[in-house]
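Enquirer: Before I ask anything, let me first share the structure, which is written out below as C-alpha cells.
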Amino acid sequence: MEFLSNLVNGISLGSVYAVIALGYTMVYGIARMLNFAHGDIIMVGGYICFIVMTSLGLPSIVGILAAVVVCTILGITIERVAYKPLRSAPSLAVLITAIGVSYLLQNLALLIWGSDPKSFTSVVSMEPLRLFDGSLVITGETIVTIVVSAIIMAALTLFVNRTKVGHAMLAVSEDKGAAQLMGINVNATISLTFAIGSALAAVAGVLLCSAQPSLLPTTGAMPGIKAFVAAVFGGIGSIPGAMIGGVLLGIIEILSKYYISSQISDAIVFAVLIVVLLVRPAGILGKQIREKV
C-alpha cells in the first residue's frame, strides 16, 4: 500500500511538472528558444493568488483568475521587451537574456514581498478520497492536480491540432519565413504562445503552492528546472511528450526519495536527463531532425 500511495503522489507531482513543461515545450516548439524565466512566472502566479486571497480577502477562484491574467500579461511583456528584439540573434544571446529575466523577476519579488516564507492556503476544498478501508488516502489537492493537468493537456492538444490559430502555430514551428509568406502573423503567433505558456505557469504555481504551502521568491526555480528536464525527457516540442515526461519524472522523484534517499533524489532526477540525452537525445516522443550543412 505504501508503494501505491507513493505512486499516486508521484503522479500528482509529475502532473504539476507536466503543466509547467507544456509551457516550455510550446515556446521551444514554436519560437525555438528556452525561456528559463518560465519558472519565475510560476512564482509570480503563486504570489498574485496569495495576495488576492489574503490581503484582499477574495475567493480562491478570483485569486486563480487574477494569477492567470497577470502572468499572461507578464509573459507577453517579457516576450515583447526581452525576446522579440533578439528574434534574429544567436541562440546564446537569447539564453543569457532569459537567465537575466529570471534573476530580475526573483529580485523584484524579494523587493516587493520580502524573503520571509509565506503560508499559502490551499485553493482546494475537496475532501480526501479514502480507499481500501482508509489504508490509501488521496488528498483533494492530488485529485484536482491530476484532473486539471489531464484536462489542460487534452484541451491544448485539441487547440493546436483542430483550430486555425493552432495550425498557424504549427506552421510557424516548421518554418517562420514560409509561414509569413502564407499570411501568418509570426510575431502575434509567438506572443500568443508566450501568453498560453505563462497562463499555464500561473495554474501550475497555484497547484504547486496548494500541495506544498510555502511561498518564496525562489518557489518556481527548482520545479521550473525539473519541468525542463521533463520536457526534454518526453521530447521537447511534443505536448503529449511533456505530459508523459512530467508524470514519469514525478514518479521517479517520489520513489527515489522514499526507497533510496531524499538527499540524492534531485541528483537522480538530473541523472535521468543525462541518460536520456545519451540514449535518445530527442526524448520519448521527440522527432529526430536532420539538418543539412
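Labels used: A, B, ... for chains in the order of the C-alpha cells, numbers from 1 for residues in each chain, and numbers from 1 for ligands as shown.
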What lies within 9 Å of region 57-71 of chain A using only C-alpha atoms, ignoring chain neighbours under 5 positions off, as a list in words?
Expert: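 The contact residues come out as Ile41, Ile42, Val44, Gly45, Gly46, Tyr47, Ile48, Cys49, Phe50, Ile51, Val52, Ile76, Ser122, Val123, Val124, Ala195, Ser198, Ala199, Leu200, Ala201, Ala202, Val203, Gly205 and Val206 of chain A.
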Enquirer: Those residues you just picked out, can you put them in a file as a compact mmCIF listing (two decimals), in the first residue's frame with N, CA and C atoms?
Expert:
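As written to disk, result_36.txt reads:
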# COMPACT_ATOMS: atom_id res chain seq x y z
N ILE A 41 7.82 32.85 -13.46
CA ILE A 41 6.43 33.22 -13.70
C ILE A 41 5.52 32.36 -12.82
N ILE A 42 5.93 31.12 -12.56
CA ILE A 42 5.20 30.26 -11.63
C ILE A 42 5.14 30.93 -10.25
N VAL A 44 5.44 34.13 -9.55
CA VAL A 44 4.59 35.32 -9.62
C VAL A 44 3.12 34.92 -9.52
N GLY A 45 2.74 33.85 -10.22
CA GLY A 45 1.36 33.37 -10.14
C GLY A 45 0.96 32.99 -8.73
N GLY A 46 1.86 32.32 -8.02
CA GLY A 46 1.57 31.96 -6.63
C GLY A 46 1.39 33.18 -5.75
N TYR A 47 2.26 34.18 -5.91
CA TYR A 47 2.17 35.40 -5.10
C TYR A 47 0.90 36.19 -5.40
N ILE A 48 0.52 36.30 -6.67
CA ILE A 48 -0.68 37.04 -7.02
C ILE A 48 -1.90 36.38 -6.39
N CYS A 49 -1.99 35.06 -6.50
CA CYS A 49 -3.11 34.35 -5.88
C CYS A 49 -3.11 34.53 -4.37
N PHE A 50 -1.92 34.48 -3.77
CA PHE A 50 -1.79 34.67 -2.32
C PHE A 50 -2.26 36.05 -1.89
N ILE A 51 -1.85 37.10 -2.62
CA ILE A 51 -2.23 38.47 -2.27
C ILE A 51 -3.74 38.66 -2.39
N VAL A 52 -4.31 38.15 -3.47
CA VAL A 52 -5.75 38.31 -3.70
C VAL A 52 -6.55 37.61 -2.60
N ILE A 76 3.57 38.04 -22.09
CA ILE A 76 3.55 38.80 -23.34
C ILE A 76 4.55 39.96 -23.27
N SER A 122 -4.45 26.47 0.77
CA SER A 122 -4.83 25.67 -0.39
C SER A 122 -6.12 26.18 -1.02
N VAL A 123 -6.16 26.18 -2.34
CA VAL A 123 -7.36 26.61 -3.06
C VAL A 123 -8.33 25.45 -3.24
N VAL A 124 -7.94 24.26 -2.81
CA VAL A 124 -8.77 23.07 -2.98
C VAL A 124 -9.51 22.77 -1.68
N ALA A 195 1.81 33.80 -24.14
CA ALA A 195 0.63 34.05 -23.29
C ALA A 195 0.07 32.75 -22.75
N SER A 198 2.51 31.19 -20.20
CA SER A 198 2.52 31.92 -18.92
C SER A 198 1.24 31.67 -18.14
N ALA A 199 0.11 31.55 -18.83
CA ALA A 199 -1.15 31.22 -18.15
C ALA A 199 -1.06 29.84 -17.51
N LEU A 200 -0.46 28.89 -18.21
CA LEU A 200 -0.26 27.55 -17.65
C LEU A 200 0.68 27.60 -16.45
N ALA A 201 1.70 28.48 -16.51
CA ALA A 201 2.62 28.63 -15.38
C ALA A 201 1.89 29.14 -14.15
N ALA A 202 0.92 30.05 -14.34
CA ALA A 202 0.14 30.56 -13.21
C ALA A 202 -0.67 29.44 -12.56
N VAL A 203 -1.30 28.61 -13.39
CA VAL A 203 -2.08 27.48 -12.86
C VAL A 203 -1.16 26.52 -12.11
N GLY A 205 1.66 27.24 -10.68
CA GLY A 205 2.09 27.88 -9.44
C GLY A 205 1.08 27.73 -8.32
N VAL A 206 -0.19 27.90 -8.66
CA VAL A 206 -1.25 27.76 -7.65
C VAL A 206 -1.34 26.31 -7.17
Enquirer: Do a neighbour search on Asp266 (chain A) at 12 Å with only C-alpha atoms, toss out local chain neighbours closer than 2 positions, and write the hits as a PyMOL selection string.
Expert: chain A and resi 222-223+225-226+229+249-250+252-257+260-264+268-273
Enquirer: Name all residues at most 7 Å from region 22-38 of chain A (count only C-alpha atoms; drop same-chain ones fewer than 4 positions away) and give them as a list of chain:residue names.
Expert: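 After dropping sequence-adjacent residues, the list is A:Ala18, A:Ile42, A:Leu95, A:Ala98, A:Ile99, A:Val101, A:Ser102, A:Met169, A:Val172, A:Ser173, A:Ile190, A:Thr193, A:Phe194, A:Gly197, A:Ser198, A:Leu200, A:Ala201, A:Gly224, A:Phe228, A:Ala231, A:Ile236, A:Gly237, A:Ser238, A:Ile239, A:Ala242.
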Enquirer: Counting only C-alpha atoms, figure out which residue out of A:Ile138, A:Ala267, A:Met243, A:Val94 gets nearest to Gly14 (chain A).
Expert: A:Met243
Enquirer: May I have all residues of region 26-239 of chain A that DSSP, computed from the backbone, assigns to helix (DSSP H, G or I), given as an NGL selection string?
Expert: :A and (26-31 or 38-54 or 60-86 or 91-113 or 140-162 or 164-174 or 176-181 or 186-211 or 221-234 or 239)
Enquirer: Hey, which of A:Ser5, A:Ser12, A:Ser265, A:Ser115 ends up closest to Leu208 (chain A)? Count only C-alpha atoms.
Expert: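 Smallest distance to Leu208 (chain A) is found for A:Ser12.
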Enquirer: Using only C-alpha atoms, can you tell me which of A:Val186, A:Leu277, A:Leu110, A:Ile143 comes closest to Met126 (chain A)?
Expert: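 Of all the options, A:Ile143 lies closest to Met126 (chain A).
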Enquirer: Determine the nearest neighbour of Lys118 (chain A) from the options A:Gly241, A:Gly283, A:Gly10, A:Pro217, counting only C-alpha atoms.
Expert: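 Smallest distance to Lys118 (chain A) is found for A:Pro217.
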Enquirer: Select, from A:Thr139, A:Ile184, A:Ala21, A:Asn161, the residue with the minimum atom-to-atom distance to Gly235 (chain A), counting only C-alpha atoms.
Expert: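 Between A:Thr139, A:Ile184, A:Ala21, A:Asn161, the residue approaching Gly235 (chain A) most closely is A:Ala21.
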Enquirer: Counting only C-alpha atoms, which of A:Leu278, A:Leu215, A:Leu13, A:Ile196 gets nearest to Thr121 (chain A)?
Expert: A:Leu215
Enquirer: Mind listing the strand (DSSP E) residues of region 49-244 of chain A, per DSSP on the backbone, as a PyMOL selection string?
Expert: chain A and resi 118-119+129-131+136-138+214-215
